[in-house]
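Asks: After the structure tokens below, expect a handful of questions from me.
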Amino acid sequence: MSTELASPPSTFSVLPFTMDAGVMSRAAIGLVVLATDQTLEHEWRQIMNLPGVAFFEARLHNSPDITPANLAAMEKDITAAVQLIVPDVPLQVVAFGCTSGSIVIGEEQVAQRIREARPGVACTTPITGAVAGLRALGAQRIALITPYVQSVNALFEDHLVDSGFDITRIATFNHSNDNEVARIDAASLRAAILATGAHDDVDAVFVSCTSLRMAALTREVEQALGKPVIASNSAMAWHALRLAGVRDALPQFGRLFEH
């Protein structure tokens with residue numbers, strides 16, 4: 001016969017609790033990130049590091065080869081990606097994180113695909129934010145810097161001209177592999193911006209592509225150039241914040257964040 005003593009019964013209680021607004025007391029923003037993107041989330045974590053502001057992301061399948069056909073193919077997957085972003089949480093804004101894809105698919109088409117999952121939500125893309133940002137800065141004559149091949153650059157030029165800008169300079173790294181574009185270093189970006197933006201026919205520089213690492217570089221290169229510089233990730237973040245009603249000035253990320 002066992003002589004072990006039985007353990008006393010555990011006590012169990014249900015605890016009372018109250019709830020607050022969680023991490024998003026000021027804004028909840030959704031973000032669609034390309035499967036190949038190595039940069040966008042990293043830079044948004046820096047920019048969106050604001051009390052009460054949260055962003056939630058989902059990944060979307062894409063090819064690392066940046067061509068018009070591959071960019072257009074992403075449209076069919078946008079709605080499903082948005083559906084995965086905290087489905088039961090209200091969002092003020094949803095951002096689609098591909099500059100060239102937004103131009104090839106079309107900004108309005110991107111917004112339609114987003115709103116199939118989130119009816120009525122405010123939408124932005126890197127090119128939507130860039131156009132809004134360039135207008136806020138009062139820039140007309142734009143130098144465009146990209147990593148893209150010419151077939152994509154031509155679409156960019158047409159889109160920006162149709163948006164009312166004069167594209168006076170285009171400079172490209174001419175590289176189509178998105179996995180490698182993310183590794184273009186700060187020295188290369190700085191040299192490209194200073195050389196292309198220094199001309200008298202340039203009011204501002206737009207560095208396009210969510211894979212390019214510009215958030216930590218923008219303010220420094222603006223000061224060296226003496227002109228505004230905006231980039232895909234920061235322009236979209238600025239626009240998403242403003243659409244969500246967040247007006248904080250963040251000059252460490254460039255002149256745009258003073259607007």
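Following the order of the structure tokens, first chain is A, next is B, and so on, with residues numbered from 1 inside each chain and ligands from 1 in the order they appear.
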Going by DSSP on the backbone, which bits of stretch 57-171 of chain A are helix (DSSP H, G or I)? Write them as number ranges by chain, please.

Replies: A: 68-83, 99-105, 107-117, 126-136, 150-162

Asks: Would you pick out the contacts of A:Gly133 at 8 Å or less, using only C-alpha atoms, so that residues sharing its chain but fewer than 6 positions from it are not included, and give the list as a list in words?

Replies: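 Using only C-alpha atoms, the neighbours found are Ile230, Ala235, His239 and Leu256 of chain A.
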
Asks: Pull N, CA and C atoms from the residues just selected and write them as a CSV table (one decimal), in the first residue's frame.

Replies:
chain,number,residue,atom,x,y,z
A,230,ILE,N,13.3,62.4,-51.7
A,230,ILE,CA,12.3,61.4,-51.1
A,230,ILE,C,12.6,60.1,-51.7
A,235,ALA,N,8.3,57.9,-48.3
A,235,ALA,CA,7.2,58.6,-48.9
A,235,ALA,C,5.9,57.9,-48.6
A,239,HIS,N,2.9,59.3,-46.2
A,239,HIS,CA,1.5,59.4,-46.7
A,239,HIS,C,0.5,58.6,-45.8
A,256,LEU,N,10.4,66.0,-46.1
A,256,LEU,CA,9.0,65.6,-46.3
A,256,LEU,C,8.3,65.5,-45.0

Asks: Going by DSSP on the backbone, which residues of stretch 45-144 of chain A come out as strand (DSSP E)? List them as a list in words.

Replies: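 DSSP-assigned strand (DSSP E) residues in stretch 45-144 of chain A: Val53, Ala54, Phe55, Phe56, Glu57, Ala58, Arg59, Leu60, Val93, Val94, Ala95, Phe96, Gly97, Ala122, Cys123, Thr124, Arg141, Ile142, Ala143 and Leu144 of chain A.
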
Asks: Would you export the selected residues with C-alpha atoms as a PDB file, in the first residue's frame, please?

Replies:
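Saved file selection.pdb follows:
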ATOM      1  CA  VAL A  53       0.973  53.821 -33.952  1.00  0.00           C
ATOM      2  CA  ALA A  54       1.082  50.226 -35.194  1.00  0.00           C
ATOM      3  CA  PHE A  55       1.480  48.651 -38.587  1.00  0.00           C
ATOM      4  CA  PHE A  56       0.641  45.065 -39.444  1.00  0.00           C
ATOM      5  CA  GLU A  57       1.962  43.366 -42.547  1.00  0.00           C
ATOM      6  CA  ALA A  58       1.358  40.422 -44.854  1.00  0.00           C
ATOM      7  CA  ARG A  59       3.612  39.062 -47.591  1.00  0.00           C
ATOM      8  CA  LEU A  60       2.624  38.677 -51.251  1.00  0.00           C
ATOM      9  CA  VAL A  93      -4.957  52.787 -44.024  1.00  0.00           C
ATOM     10  CA  VAL A  94      -3.638  49.908 -46.122  1.00  0.00           C
ATOM     11  CA  ALA A  95      -0.385  50.409 -48.053  1.00  0.00           C
ATOM     12  CA  PHE A  96       0.767  48.277 -50.990  1.00  0.00           C
ATOM     13  CA  GLY A  97       4.557  48.079 -50.871  1.00  0.00           C
ATOM     14  CA  ALA A 122      -7.758  54.675 -47.236  1.00  0.00           C
ATOM     15  CA  CYS A 123      -5.067  53.345 -49.580  1.00  0.00           C
ATOM     16  CA  THR A 124      -1.565  54.327 -50.545  1.00  0.00           C
ATOM     17  CA  ARG A 141      11.447  69.345 -61.956  1.00  0.00           C
ATOM     18  CA  ILE A 142      12.313  65.862 -60.743  1.00  0.00           C
ATOM     19  CA  ALA A 143      15.417  63.704 -60.974  1.00  0.00           C
ATOM     20  CA  LEU A 144      14.426  60.038 -60.872  1.00  0.00           C
TER      21      LEU A 144
END

Asks: Pick out the residues sitting within 12 Å of A:Ala191, and hand them over as a PDB file with N, CA and C atoms, in the first residue's frame; count only C-alpha atoms, and ignore anything fewer than 3 positions along from it in its own chain.

Replies:
ATOM      1  N   ILE A 145      15.820  58.446 -59.700  1.00  0.00           N
ATOM      2  CA  ILE A 145      16.869  57.441 -59.557  1.00  0.00           C
ATOM      3  C   ILE A 145      16.207  56.111 -59.254  1.00  0.00           C
ATOM      4  N   ALA A 171      18.406  58.422 -63.757  1.00  0.00           N
ATOM      5  CA  ALA A 171      19.632  57.645 -63.563  1.00  0.00           C
ATOM      6  C   ALA A 171      19.248  56.291 -62.996  1.00  0.00           C
ATOM      7  N   PHE A 173      20.526  52.125 -61.823  1.00  0.00           N
ATOM      8  CA  PHE A 173      21.519  51.087 -61.586  1.00  0.00           C
ATOM      9  C   PHE A 173      21.348  49.922 -62.563  1.00  0.00           C
ATOM     10  N   ILE A 184      22.364  47.137 -52.646  1.00  0.00           N
ATOM     11  CA  ILE A 184      23.043  48.342 -53.139  1.00  0.00           C
ATOM     12  C   ILE A 184      23.359  49.226 -51.942  1.00  0.00           C
ATOM     13  N   ASP A 185      24.614  49.606 -51.792  1.00  0.00           N
ATOM     14  CA  ASP A 185      25.033  50.214 -50.528  1.00  0.00           C
ATOM     15  C   ASP A 185      24.837  51.723 -50.489  1.00  0.00           C
ATOM     16  N   ALA A 186      25.025  52.273 -49.284  1.00  0.00           N
ATOM     17  CA  ALA A 186      24.779  53.698 -49.056  1.00  0.00           C
ATOM     18  C   ALA A 186      25.707  54.573 -49.887  1.00  0.00           C
ATOM     19  N   ALA A 187      26.950  54.149 -50.061  1.00  0.00           N
ATOM     20  CA  ALA A 187      27.890  54.945 -50.852  1.00  0.00           C
ATOM     21  C   ALA A 187      27.412  55.079 -52.299  1.00  0.00           C
ATOM     22  N   SER A 188      26.894  54.002 -52.865  1.00  0.00           N
ATOM     23  CA  SER A 188      26.382  54.042 -54.240  1.00  0.00           C
ATOM     24  C   SER A 188      25.170  54.960 -54.342  1.00  0.00           C
ATOM     25  N   LEU A 194      23.780  62.689 -55.326  1.00  0.00           N
ATOM     26  CA  LEU A 194      24.523  63.946 -55.412  1.00  0.00           C
ATOM     27  C   LEU A 194      24.875  64.284 -56.856  1.00  0.00           C
ATOM     28  N   ALA A 195      25.244  63.292 -57.649  1.00  0.00           N
ATOM     29  CA  ALA A 195      25.601  63.550 -59.041  1.00  0.00           C
ATOM     30  C   ALA A 195      24.384  63.920 -59.876  1.00  0.00           C
ATOM     31  N   THR A 196      23.277  63.224 -59.660  1.00  0.00           N
ATOM     32  CA  THR A 196      22.085  63.445 -60.482  1.00  0.00           C
ATOM     33  C   THR A 196      21.310  64.675 -60.028  1.00  0.00           C
ATOM     34  N   GLY A 197      21.280  64.902 -58.730  1.00  0.00           N
ATOM     35  CA  GLY A 197      20.474  66.002 -58.214  1.00  0.00           C
ATOM     36  C   GLY A 197      21.138  67.353 -58.252  1.00  0.00           C
ATOM     37  N   ALA A 198      22.437  67.405 -58.530  1.00  0.00           N
ATOM     38  CA  ALA A 198      23.175  68.674 -58.452  1.00  0.00           C
ATOM     39  C   ALA A 198      22.864  69.628 -59.589  1.00  0.00           C
ATOM     40  N   LEU A 217      19.536  57.494 -44.682  1.00  0.00           N
ATOM     41  CA  LEU A 217      20.428  58.279 -45.524  1.00  0.00           C
ATOM     42  C   LEU A 217      19.829  59.611 -45.967  1.00  0.00           C
ATOM     43  N   VAL A 221      21.904  63.209 -46.993  1.00  0.00           N
ATOM     44  CA  VAL A 221      22.140  63.528 -48.396  1.00  0.00           C
ATOM     45  C   VAL A 221      21.378  64.787 -48.804  1.00  0.00           C
ATOM     46  N   ALA A 224      23.633  67.632 -47.828  1.00  0.00           N
ATOM     47  CA  ALA A 224      24.763  67.761 -48.746  1.00  0.00           C
ATOM     48  C   ALA A 224      24.326  68.325 -50.094  1.00  0.00           C
ATOM     49  N   LEU A 225      23.152  67.937 -50.548  1.00  0.00           N
ATOM     50  CA  LEU A 225      22.652  68.359 -51.856  1.00  0.00           C
ATOM     51  C   LEU A 225      22.019  69.741 -51.818  1.00  0.00           C
TER      52      LEU A 225
END

Asks: Give me, as a PyMOL selection string, all polymer residues having an atom no more than 8 Å from A:Gly129, counting only C-alpha atoms and skipping those fewer than 2 positions away in the same chain.

Replies: chain A and resi 124-127+131-133+232+235-240

Asks: What is the atom CA of A:Ile78 to atom CA of A:Leu91 distance in Å?

Replies: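 Those two atoms sit 16.2 Å apart.
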
Asks: Give the answer as one residue: which of A:Leu31, A:Ala204, A:Ala69, A:Leu160 has the shortest atom-to-atom distance to A:Met48, using only C-alpha atoms?

Replies: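 Going through A:Leu31, A:Ala204, A:Ala69, A:Leu160 one by one, the smallest distance to A:Met48 is for A:Leu31.
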
Asks: Do a neighbour search on A:Ile47 at 10 Å with only C-alpha atoms, toss out local chain neighbours closer than 5 positions, and write the hits as a list in words.

Replies: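 Answer for this query is Glu41, His42, Ala215, Ala216, Asn233, Ser234, Ala237, Trp238, Leu241, Leu250, Gln252, Phe253 and Phe257 of chain A.
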
Asks: What does the file look like for those residues with N, CA and C atoms, as a PDB file, in the first residue's frame?

Replies:
ATOM      1  N   GLU A  41      10.032  46.537 -44.373  1.00  0.00           N
ATOM      2  CA  GLU A  41       9.658  46.386 -42.960  1.00  0.00           C
ATOM      3  C   GLU A  41      10.716  46.993 -42.038  1.00  0.00           C
ATOM      4  N   HIS A  42      11.983  46.789 -42.379  1.00  0.00           N
ATOM      5  CA  HIS A  42      13.087  47.328 -41.575  1.00  0.00           C
ATOM      6  C   HIS A  42      12.987  48.853 -41.480  1.00  0.00           C
ATOM      7  N   ALA A 215      16.079  55.255 -45.703  1.00  0.00           N
ATOM      8  CA  ALA A 215      15.521  55.951 -44.536  1.00  0.00           C
ATOM      9  C   ALA A 215      16.599  56.627 -43.701  1.00  0.00           C
ATOM     10  N   ALA A 216      17.704  55.936 -43.457  1.00  0.00           N
ATOM     11  CA  ALA A 216      18.757  56.493 -42.611  1.00  0.00           C
ATOM     12  C   ALA A 216      19.668  57.446 -43.370  1.00  0.00           C
ATOM     13  N   ASN A 233       9.972  54.047 -49.599  1.00  0.00           N
ATOM     14  CA  ASN A 233       9.485  53.590 -48.295  1.00  0.00           C
ATOM     15  C   ASN A 233       9.083  54.749 -47.397  1.00  0.00           C
ATOM     16  N   SER A 234       9.900  55.790 -47.373  1.00  0.00           N
ATOM     17  CA  SER A 234       9.596  56.914 -46.484  1.00  0.00           C
ATOM     18  C   SER A 234       8.423  57.728 -47.005  1.00  0.00           C
ATOM     19  N   ALA A 237       5.361  55.794 -46.085  1.00  0.00           N
ATOM     20  CA  ALA A 237       5.135  55.884 -44.638  1.00  0.00           C
ATOM     21  C   ALA A 237       4.569  57.243 -44.267  1.00  0.00           C
ATOM     22  N   TRP A 238       5.153  58.306 -44.810  1.00  0.00           N
ATOM     23  CA  TRP A 238       4.648  59.669 -44.565  1.00  0.00           C
ATOM     24  C   TRP A 238       3.179  59.779 -44.975  1.00  0.00           C
ATOM     25  N   LEU A 241       0.845  57.740 -42.653  1.00  0.00           N
ATOM     26  CA  LEU A 241       0.653  58.432 -41.372  1.00  0.00           C
ATOM     27  C   LEU A 241      -0.309  59.601 -41.520  1.00  0.00           C
ATOM     28  N   LEU A 250       8.885  64.485 -38.218  1.00  0.00           N
ATOM     29  CA  LEU A 250      10.001  63.555 -38.036  1.00  0.00           C
ATOM     30  C   LEU A 250      11.146  63.984 -38.964  1.00  0.00           C
ATOM     31  N   GLN A 252      14.199  63.870 -38.885  1.00  0.00           N
ATOM     32  CA  GLN A 252      15.346  62.972 -39.029  1.00  0.00           C
ATOM     33  C   GLN A 252      15.227  62.079 -40.256  1.00  0.00           C
ATOM     34  N   PHE A 253      14.007  62.002 -40.832  1.00  0.00           N
ATOM     35  CA  PHE A 253      13.810  61.202 -42.030  1.00  0.00           C
ATOM     36  C   PHE A 253      13.664  62.065 -43.289  1.00  0.00           C
ATOM     37  N   PHE A 257       8.976  64.974 -43.958  1.00  0.00           N
ATOM     38  CA  PHE A 257       8.328  64.700 -42.669  1.00  0.00           C
ATOM     39  C   PHE A 257       8.141  65.959 -41.828  1.00  0.00           C
TER      40      PHE A 257
END

Asks: Hey, what's within 12 Å of A:His159 if we count only C-alpha atoms and toss same-chain stuff fewer than 3 positions away? As a list in words, please?

Replies: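 Contacts, with the query itself left out: Thr99, Ser100, Ser102, Ile103, Val104, Ile105, Gly106, Glu107, Ile127, Thr128, Ala130, Val131, Leu144, Val152, Asn153, Ala154, Leu155, Phe156, Asp162, Ser163, Gly164, Phe165, Asp166 and Ile167 of chain A.
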
Asks: Just checking: using only C-alpha atoms, which residue out of A:Gly226, A:Pro147, A:Gly245, A:Gly22 ends up closest to A:Leu212?

Replies: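 Counting only C-alpha atoms, the residue closest to A:Leu212 is A:Pro147.
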
Asks: Which one is closest to A:Gln140: A:Ser176, A:Asp88, A:Asp37, A:Val205? Count only C-alpha atoms.

Replies: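 Counting only C-alpha atoms, the residue closest to A:Gln140 is A:Val205.
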
Asks: Would you mind telling me which residue in A:Ala182, A:Pro251, A:Lys227, A:Thr146 lies nearest to A:Val207 when using only C-alpha atoms?

Replies: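 Between A:Ala182, A:Pro251, A:Lys227, A:Thr146, the residue approaching A:Val207 most closely is A:Thr146.
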
Asks: Find, counting only C-alpha atoms, the residue in A:Gln38, A:Ile114, A:Ala139, A:Asn174 that gets nearest to A:Ser151.

Replies: A:Asn174

Asks: Which of these residues is nearest to A:Arg183, using only C-alpha atoms: A:Arg45, A:Asp200, A:Thr39, A:Pro9?

Replies: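 Of A:Arg45, A:Asp200, A:Thr39, A:Pro9, the one nearest A:Arg183, counting only C-alpha atoms, is A:Thr39.
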